[in-house]
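Here the structure comes first, spelled out in structure tokens, and everything after it is commentary.
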Amino acid sequence: MSVETLREEALAQVGAAATQEELRAVDRRYLDKGGEVAKLLASIPSLDPAERPKVGRAANELKQAIEEAIAARRADLEAAELAAARSGAGFDPTLPAAPQERGSLHPITQVRREVEDVFLNMGYAVLDGPEVERDYTNFEALNFHPDHPAREEYDTFWCRAEGSAESGSDRLLLRTHTSPVQIRAMQAMDPPIRAIVPGRVFRHEQPDASHEHTFHQVEGLVVDEGVTVGHLTGTLKGFLRELFQKDLDVRLRPGYFPFVEPGFEFDIRCPFCLQPDGASAGCRVCKKSGWIEFCGCGMVHPNVLRACDVDAERYTGFAFGFGLDRLVMMRYSIDDIRYFMSGDLRFLEQF
Ligand SMILES: [Zn+2]
């Protein structure tokens, strides 16, 4: 029998072995003393001297190939037996436990915790609030009158609870921003107030690479005597220094939000293409501009303070809010916001 035929025959038998017992029989037939491979080796001295080295080499390769095939088949059979035993066909308490799959924290959760740590270190409280809100706390108390045009920018999911009003201040909705928690905070606490509000918010939007119906914001609120725009800028700069471990230039542009006056768009130097001189060279994240629109902010509107029974003559405050999803997307170069809520393990396992 040629070495090649012997090899084909042996490997076919290894593959066909359905139990450990059958596999051991194949092992004995080929690899034992007196087995097929041993017989082949024993025949070498009787061969033509020129043939001997060639056949010797082939026999050793054959032996190794059979050993490897048997080891692989054995591992497969063991795994299959274990799986069969675990599937309940006779419970065997001596079997090792199934390996535990360990998950990881969602990237949004990881960065949210980082943000919370920075603000906790600055003496802020971290507040939470309900995701279903009344029109009053989501809009009216934040200086959006019922027919305020800015309401149209917030594509709102309206809800109707049994017996709830269909119009007016008591209408229920999924909060469109985390700002209602600021109202709740000012209603519940006396100044000084220093708090951030991370949380989920909802907009009735057509999802695309940069829009989701469910996303995350972090808002901040400080109310005290003598609070100024300087405090706002200094606080955000300090936060960004901790978050990016870089000193970033910032700029304020006028921006309109009903609940602040004056209101600003807060831009930061792009931390991803920052040069040693403090300028940013321009990259994909900042769309070559060197600046990133980081958040909206401003001084809390006196109407908002009054709606919460805070003495607007005595106290001033600042507020800011940024998108947590966008921050995570920048940090990890994620180009589609829809990955976050997709539940796709191929995405989540990367964090
Ligand atoms: Zn850049």
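By convention in this document, the chains of the structure tokens carry letters A, B, ... by their order, each chain's residues are numbered from 1, and ligands are numbered from 1 in the order they are shown.
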message: Show me which residues line ligand 1, defined as having an atom within 6 Å of a ligand atom where only C-alpha atoms and all ligand atoms count, and present them as a PyMOL selection string.
response: chain A and resi 270+272-273+282-283+285-286+290
N, CA and C atoms of the current selection, written as a compact mmCIF listing (two decimals), in the first residue's frame:
```txt
# COMPACT_ATOMS: atom_id res chain seq x y z
N CYS A 270 -10.45 72.05 18.05
CA CYS A 270 -10.54 70.61 17.85
C CYS A 270 -9.39 69.91 18.57
N PHE A 272 -8.49 66.96 18.35
CA PHE A 272 -7.95 65.83 17.60
C PHE A 272 -6.90 66.24 16.58
N CYS A 273 -6.80 67.55 16.32
CA CYS A 273 -5.75 68.00 15.39
C CYS A 273 -5.04 69.21 15.98
N GLY A 282 -7.00 71.18 11.48
CA GLY A 282 -8.14 70.78 10.66
C GLY A 282 -8.06 69.29 10.38
N CYS A 283 -9.16 68.59 10.67
CA CYS A 283 -9.17 67.15 10.43
C CYS A 283 -10.59 66.72 10.11
N VAL A 285 -12.74 65.14 12.02
CA VAL A 285 -13.69 65.37 13.11
C VAL A 285 -14.23 66.80 13.08
N CYS A 286 -13.32 67.77 12.83
CA CYS A 286 -13.76 69.18 12.86
C CYS A 286 -14.10 69.66 11.46
N GLY A 290 -11.01 73.30 12.28
CA GLY A 290 -10.21 73.54 13.48
C GLY A 290 -11.06 73.81 14.72
```
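Residues surrounding Arg194 (chain A) within 9 Å are Gly123, Tyr124, Ala125, Val126, Gly220, Leu221, Val222, Val223 and Asp224 of chain A [only C-alpha atoms; sequence separation below 5 positions excluded].
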message: Neighbouring residues of Thr109 (chain A) were defined as those with any atom within 12 Å, considering only C-alpha atoms; residues of the same chain fewer than 4 positions away were excluded. Please report them as a ChimeraX atom specification.
response: /A:104-105,113-116,198-200,216-217,324-325,327-328,340,348,351
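Distances from A:Tyr256, A:Tyr339, A:Tyr30, A:Phe266 to Phe320 (chain A) were compared using only C-alpha atoms, and the smallest one belongs to A:Phe266.
CA of Phe264 (chain A) is found 5.9 Å from CA of Leu252 (chain A).
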message: Env of His231 (chain A): 12 Å cut, atoms = only C-alpha atoms, seq-sep filter 3 positions within chain, self excluded. Answer as a PyMOL selection string.
response: chain A and resi 221-228+234-238+297-299+316-320
Can I get the selected residues back with all heavy atoms, as a tab-separated table (two decimals), in the first residue's frame?
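Okay, this is what ended up in out-v3.tsv:
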```tsv
chain	number	residue	atom	x	y	z
A	221	LEU	N	-26.07	73.10	35.57
A	221	LEU	CA	-26.78	74.26	36.09
A	221	LEU	C	-26.05	74.75	37.35
A	221	LEU	O	-25.74	73.96	38.23
A	221	LEU	CB	-28.21	73.87	36.46
A	221	LEU	CG	-29.02	74.94	37.21
A	221	LEU	CD1	-29.38	76.08	36.27
A	221	LEU	CD2	-30.28	74.33	37.82
A	222	VAL	N	-25.78	76.05	37.37
A	222	VAL	CA	-25.25	76.67	38.58
A	222	VAL	C	-26.09	77.90	38.87
A	222	VAL	O	-26.32	78.72	37.99
A	222	VAL	CB	-23.76	77.08	38.39
A	222	VAL	CG1	-23.30	77.95	39.56
A	222	VAL	CG2	-22.88	75.84	38.29
A	223	VAL	N	-26.59	77.99	40.08
A	223	VAL	CA	-27.35	79.17	40.50
A	223	VAL	C	-26.78	79.63	41.83
A	223	VAL	O	-26.68	78.85	42.78
A	223	VAL	CB	-28.86	78.87	40.66
A	223	VAL	CG1	-29.60	80.14	41.08
A	223	VAL	CG2	-29.45	78.31	39.39
A	224	ASP	N	-26.37	80.90	41.86
A	224	ASP	CA	-25.80	81.44	43.11
A	224	ASP	C	-25.79	82.95	42.98
A	224	ASP	O	-26.13	83.50	41.94
A	224	ASP	CB	-24.38	80.89	43.30
A	224	ASP	CG	-23.93	80.95	44.76
A	224	ASP	OD1	-24.64	81.57	45.59
A	224	ASP	OD2	-22.88	80.36	45.07
A	225	GLU	N	-25.35	83.61	44.01
A	225	GLU	CA	-25.20	85.06	43.91
A	225	GLU	C	-23.96	85.37	43.10
A	225	GLU	O	-22.92	84.75	43.29
A	225	GLU	CB	-25.08	85.67	45.32
A	225	GLU	CG	-26.38	85.63	46.09
A	225	GLU	CD	-26.25	86.24	47.49
A	225	GLU	OE1	-25.72	87.36	47.60
A	225	GLU	OE2	-26.66	85.57	48.45
A	226	GLY	N	-24.09	86.33	42.19
A	226	GLY	CA	-22.92	86.84	41.47
A	226	GLY	C	-22.34	85.91	40.42
A	226	GLY	O	-21.17	86.04	40.06
A	227	VAL	N	-23.12	84.98	39.91
A	227	VAL	CA	-22.61	84.08	38.87
A	227	VAL	C	-22.59	84.82	37.53
A	227	VAL	O	-23.55	85.51	37.18
A	227	VAL	CB	-23.49	82.81	38.76
A	227	VAL	CG1	-23.06	81.95	37.58
A	227	VAL	CG2	-23.42	82.01	40.05
A	228	THR	N	-21.48	84.70	36.80
A	228	THR	CA	-21.32	85.46	35.55
A	228	THR	C	-20.94	84.52	34.39
A	228	THR	O	-20.66	83.34	34.59
A	228	THR	CB	-20.18	86.50	35.68
A	228	THR	OG1	-18.94	85.77	35.80
A	228	THR	CG2	-20.38	87.39	36.89
A	234	GLY	N	-15.10	79.55	32.46
A	234	GLY	CA	-14.04	78.91	33.25
A	234	GLY	C	-14.40	77.48	33.61
A	234	GLY	O	-13.55	76.58	33.55
A	235	THR	N	-15.66	77.26	33.95
A	235	THR	CA	-16.10	75.91	34.32
A	235	THR	C	-15.98	74.95	33.14
A	235	THR	O	-15.44	73.85	33.27
A	235	THR	CB	-17.58	75.95	34.79
A	235	THR	OG1	-17.67	76.83	35.91
A	235	THR	CG2	-18.04	74.56	35.19
A	236	LEU	N	-16.48	75.41	31.98
A	236	LEU	CA	-16.43	74.52	30.82
A	236	LEU	C	-14.99	74.26	30.39
A	236	LEU	O	-14.63	73.15	30.00
A	236	LEU	CB	-17.25	75.11	29.66
A	236	LEU	CG	-18.77	74.97	29.83
A	236	LEU	CD1	-19.51	75.73	28.74
A	236	LEU	CD2	-19.19	73.50	29.81
A	237	LYS	N	-14.14	75.30	30.48
A	237	LYS	CA	-12.72	75.09	30.11
A	237	LYS	C	-12.07	74.07	31.05
A	237	LYS	O	-11.32	73.20	30.62
A	237	LYS	CB	-11.95	76.41	30.15
A	237	LYS	CG	-12.15	77.27	28.93
A	237	LYS	CD	-11.12	78.40	28.86
A	237	LYS	CE	-9.78	77.90	28.31
A	237	LYS	NZ	-8.92	79.02	27.88
A	238	GLY	N	-12.38	74.20	32.33
A	238	GLY	CA	-11.81	73.27	33.31
A	238	GLY	C	-12.28	71.84	33.05
A	238	GLY	O	-11.49	70.90	33.11
A	297	CYS	N	-25.17	77.21	25.60
A	297	CYS	CA	-25.09	77.60	27.00
A	297	CYS	C	-25.56	79.05	27.16
A	297	CYS	O	-25.90	79.70	26.18
A	297	CYS	CB	-23.66	77.45	27.51
A	297	CYS	SG	-22.46	78.41	26.58
A	298	GLY	N	-25.56	79.51	28.37
A	298	GLY	CA	-25.93	80.90	28.60
A	298	GLY	C	-26.28	81.14	30.04
A	298	GLY	O	-26.14	80.25	30.89
A	299	MET	N	-26.74	82.37	30.30
A	299	MET	CA	-27.16	82.73	31.66
A	299	MET	C	-28.65	82.42	31.79
A	299	MET	O	-29.45	82.81	30.93
A	299	MET	CB	-26.90	84.23	31.91
A	299	MET	CG	-25.43	84.63	31.73
A	299	MET	SD	-24.29	83.67	32.76
A	299	MET	CE	-24.71	84.30	34.39
A	316	THR	N	-28.22	84.79	40.14
A	316	THR	CA	-28.07	84.56	38.70
A	316	THR	C	-27.55	83.14	38.54
A	316	THR	O	-27.13	82.51	39.51
A	316	THR	CB	-27.05	85.53	38.04
A	316	THR	OG1	-25.85	85.50	38.81
A	316	THR	CG2	-27.62	86.93	37.97
A	317	GLY	N	-27.59	82.65	37.31
A	317	GLY	CA	-27.11	81.29	37.11
A	317	GLY	C	-26.68	81.08	35.67
A	317	GLY	O	-27.01	81.87	34.79
A	318	PHE	N	-25.90	80.03	35.47
A	318	PHE	CA	-25.61	79.65	34.08
A	318	PHE	C	-26.03	78.21	33.85
A	318	PHE	O	-26.18	77.43	34.81
A	318	PHE	CB	-24.14	79.87	33.71
A	318	PHE	CG	-23.13	78.99	34.41
A	318	PHE	CD1	-23.00	77.63	34.09
A	318	PHE	CD2	-22.26	79.53	35.38
A	318	PHE	CE1	-22.05	76.83	34.72
A	318	PHE	CE2	-21.32	78.73	36.01
A	318	PHE	CZ	-21.21	77.38	35.69
A	319	ALA	N	-26.26	77.90	32.58
A	319	ALA	CA	-26.64	76.53	32.22
A	319	ALA	C	-25.95	76.19	30.91
A	319	ALA	O	-25.64	77.07	30.10
A	319	ALA	CB	-28.15	76.42	32.06
A	320	PHE	N	-25.66	74.92	30.74
A	320	PHE	CA	-25.09	74.46	29.47
A	320	PHE	C	-25.60	73.06	29.20
A	320	PHE	O	-26.08	72.38	30.12
A	320	PHE	CB	-23.55	74.45	29.52
A	320	PHE	CG	-22.98	73.59	30.61
A	320	PHE	CD1	-22.77	72.22	30.41
A	320	PHE	CD2	-22.64	74.14	31.85
A	320	PHE	CE1	-22.26	71.42	31.43
A	320	PHE	CE2	-22.14	73.33	32.88
A	320	PHE	CZ	-21.94	71.98	32.66
```
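Considering the residues A:Pro302, A:Pro180, A:Gly263, A:Gly168 and counting only C-alpha atoms, Pro146 (chain A) has its shortest atom-to-atom contact with A:Gly168.
From CA of Ala307 (chain A) back to CA of Met186 (chain A), the distance works out to 9.3 Å.
What separates CA of Glu205 (chain A) from CA of Arg326 (chain A) is a distance of 16.3 Å.
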field: DSSP-assigned alpha helix (DSSP H) among region 58-304 of chain A, expressed as a PyMOL selection string
entry: chain A and resi 58-86+107-121+135-138+179-188+229-244+302-304
message: I'd like the neighbourhood of Asp76 (chain A) as a PyMOL selection string, where a residue qualifies if any of its atoms comes within 12 Å (using only C-alpha atoms), though same-chain residues fewer than 5 positions away should be ignored.
response: chain A and resi 14-15+17-20+23+69-71+81-83
Report as a tab-separated table (two decimals) with N, CA, C and O atoms, in the first residue's frame all protein, DNA and RNA residues lying within 12 Å of Arg306 (chain A), evaluated on only C-alpha atoms, omitting residues in the same chain fewer than 2 positions from it.
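Below you can see around19.tsv, which holds the result:
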```tsv
chain	number	residue	atom	x	y	z
A	141	ALA	N	-42.12	76.20	31.74
A	141	ALA	CA	-41.30	76.79	32.80
A	141	ALA	C	-39.94	77.20	32.27
A	141	ALA	O	-39.22	77.99	32.89
A	142	LEU	N	-39.57	76.65	31.09
A	142	LEU	CA	-38.28	77.01	30.49
A	142	LEU	C	-38.44	78.17	29.51
A	142	LEU	O	-37.61	78.36	28.62
A	143	ASN	N	-39.54	78.89	29.67
A	143	ASN	CA	-39.75	80.12	28.91
A	143	ASN	C	-40.16	79.86	27.46
A	143	ASN	O	-39.98	80.72	26.61
A	183	ILE	N	-35.47	72.50	36.17
A	183	ILE	CA	-36.65	73.10	36.79
A	183	ILE	C	-36.94	72.39	38.11
A	183	ILE	O	-37.14	73.03	39.16
A	186	MET	N	-34.42	73.41	40.78
A	186	MET	CA	-34.60	74.75	41.35
A	186	MET	C	-35.87	74.81	42.20
A	186	MET	O	-35.94	75.58	43.15
A	187	GLN	N	-36.87	74.00	41.84
A	187	GLN	CA	-38.08	73.97	42.66
A	187	GLN	C	-37.82	73.29	44.01
A	187	GLN	O	-38.40	73.65	45.02
A	259	PHE	N	-34.48	79.57	27.18
A	259	PHE	CA	-34.29	79.53	28.64
A	259	PHE	C	-33.02	80.23	29.13
A	259	PHE	O	-32.71	80.18	30.30
A	300	VAL	N	-29.00	81.74	32.88
A	300	VAL	CA	-30.39	81.31	33.07
A	300	VAL	C	-31.32	82.53	32.97
A	300	VAL	O	-31.11	83.55	33.62
A	301	HIS	N	-32.35	82.41	32.12
A	301	HIS	CA	-33.29	83.52	31.90
A	301	HIS	C	-34.04	83.84	33.20
A	301	HIS	O	-34.50	82.92	33.88
A	302	PRO	N	-34.16	85.14	33.53
A	302	PRO	CA	-34.88	85.49	34.78
A	302	PRO	C	-36.28	84.90	34.83
A	302	PRO	O	-36.76	84.55	35.92
A	303	ASN	N	-36.93	84.75	33.69
A	303	ASN	CA	-38.27	84.14	33.69
A	303	ASN	C	-38.23	82.71	34.20
A	303	ASN	O	-39.18	82.23	34.83
A	304	VAL	N	-37.14	82.01	33.89
A	304	VAL	CA	-37.00	80.62	34.34
A	304	VAL	C	-36.79	80.60	35.86
A	304	VAL	O	-37.40	79.80	36.57
A	308	CYS	N	-39.47	79.15	38.98
A	308	CYS	CA	-39.08	78.18	40.01
A	308	CYS	C	-39.01	78.85	41.39
A	308	CYS	O	-38.39	78.28	42.31
A	309	ASP	N	-39.58	80.04	41.49
A	309	ASP	CA	-39.57	80.76	42.76
A	309	ASP	C	-38.16	81.05	43.28
A	309	ASP	O	-37.92	81.01	44.49
A	310	VAL	N	-37.24	81.29	42.35
A	310	VAL	CA	-35.91	81.72	42.77
A	310	VAL	C	-35.88	83.24	42.62
A	310	VAL	O	-36.35	83.77	41.61
A	311	ASP	N	-35.36	83.92	43.61
A	311	ASP	CA	-35.30	85.38	43.61
A	311	ASP	C	-34.33	85.86	42.51
A	311	ASP	O	-33.11	85.80	42.67
A	312	ALA	N	-34.93	86.33	41.38
A	312	ALA	CA	-34.12	86.69	40.22
A	312	ALA	C	-33.35	88.00	40.44
A	312	ALA	O	-32.44	88.34	39.67
A	313	GLU	N	-33.72	88.76	41.47
A	313	GLU	CA	-32.96	89.98	41.78
A	313	GLU	C	-31.67	89.60	42.50
A	313	GLU	O	-30.63	90.26	42.34
A	314	ARG	N	-31.75	88.57	43.29
A	314	ARG	CA	-30.61	88.21	44.13
A	314	ARG	C	-29.68	87.21	43.44
A	314	ARG	O	-28.45	87.29	43.55
A	315	TYR	N	-30.28	86.26	42.70
A	315	TYR	CA	-29.47	85.17	42.15
A	315	TYR	C	-29.36	85.25	40.63
A	315	TYR	O	-30.28	85.70	39.95
A	316	THR	N	-28.22	84.79	40.14
A	316	THR	CA	-28.07	84.56	38.70
A	316	THR	C	-27.55	83.14	38.54
A	316	THR	O	-27.13	82.51	39.51
```
query: Any idea what's packed within 12 Å of Arg241 (chain A), counting only C-alpha atoms, ignoring anything in its chain fewer than 2 positions away? Could you give it as a PyMOL selection string?
result: chain A and resi 115+118-119+234-239+243-250+268-269+271
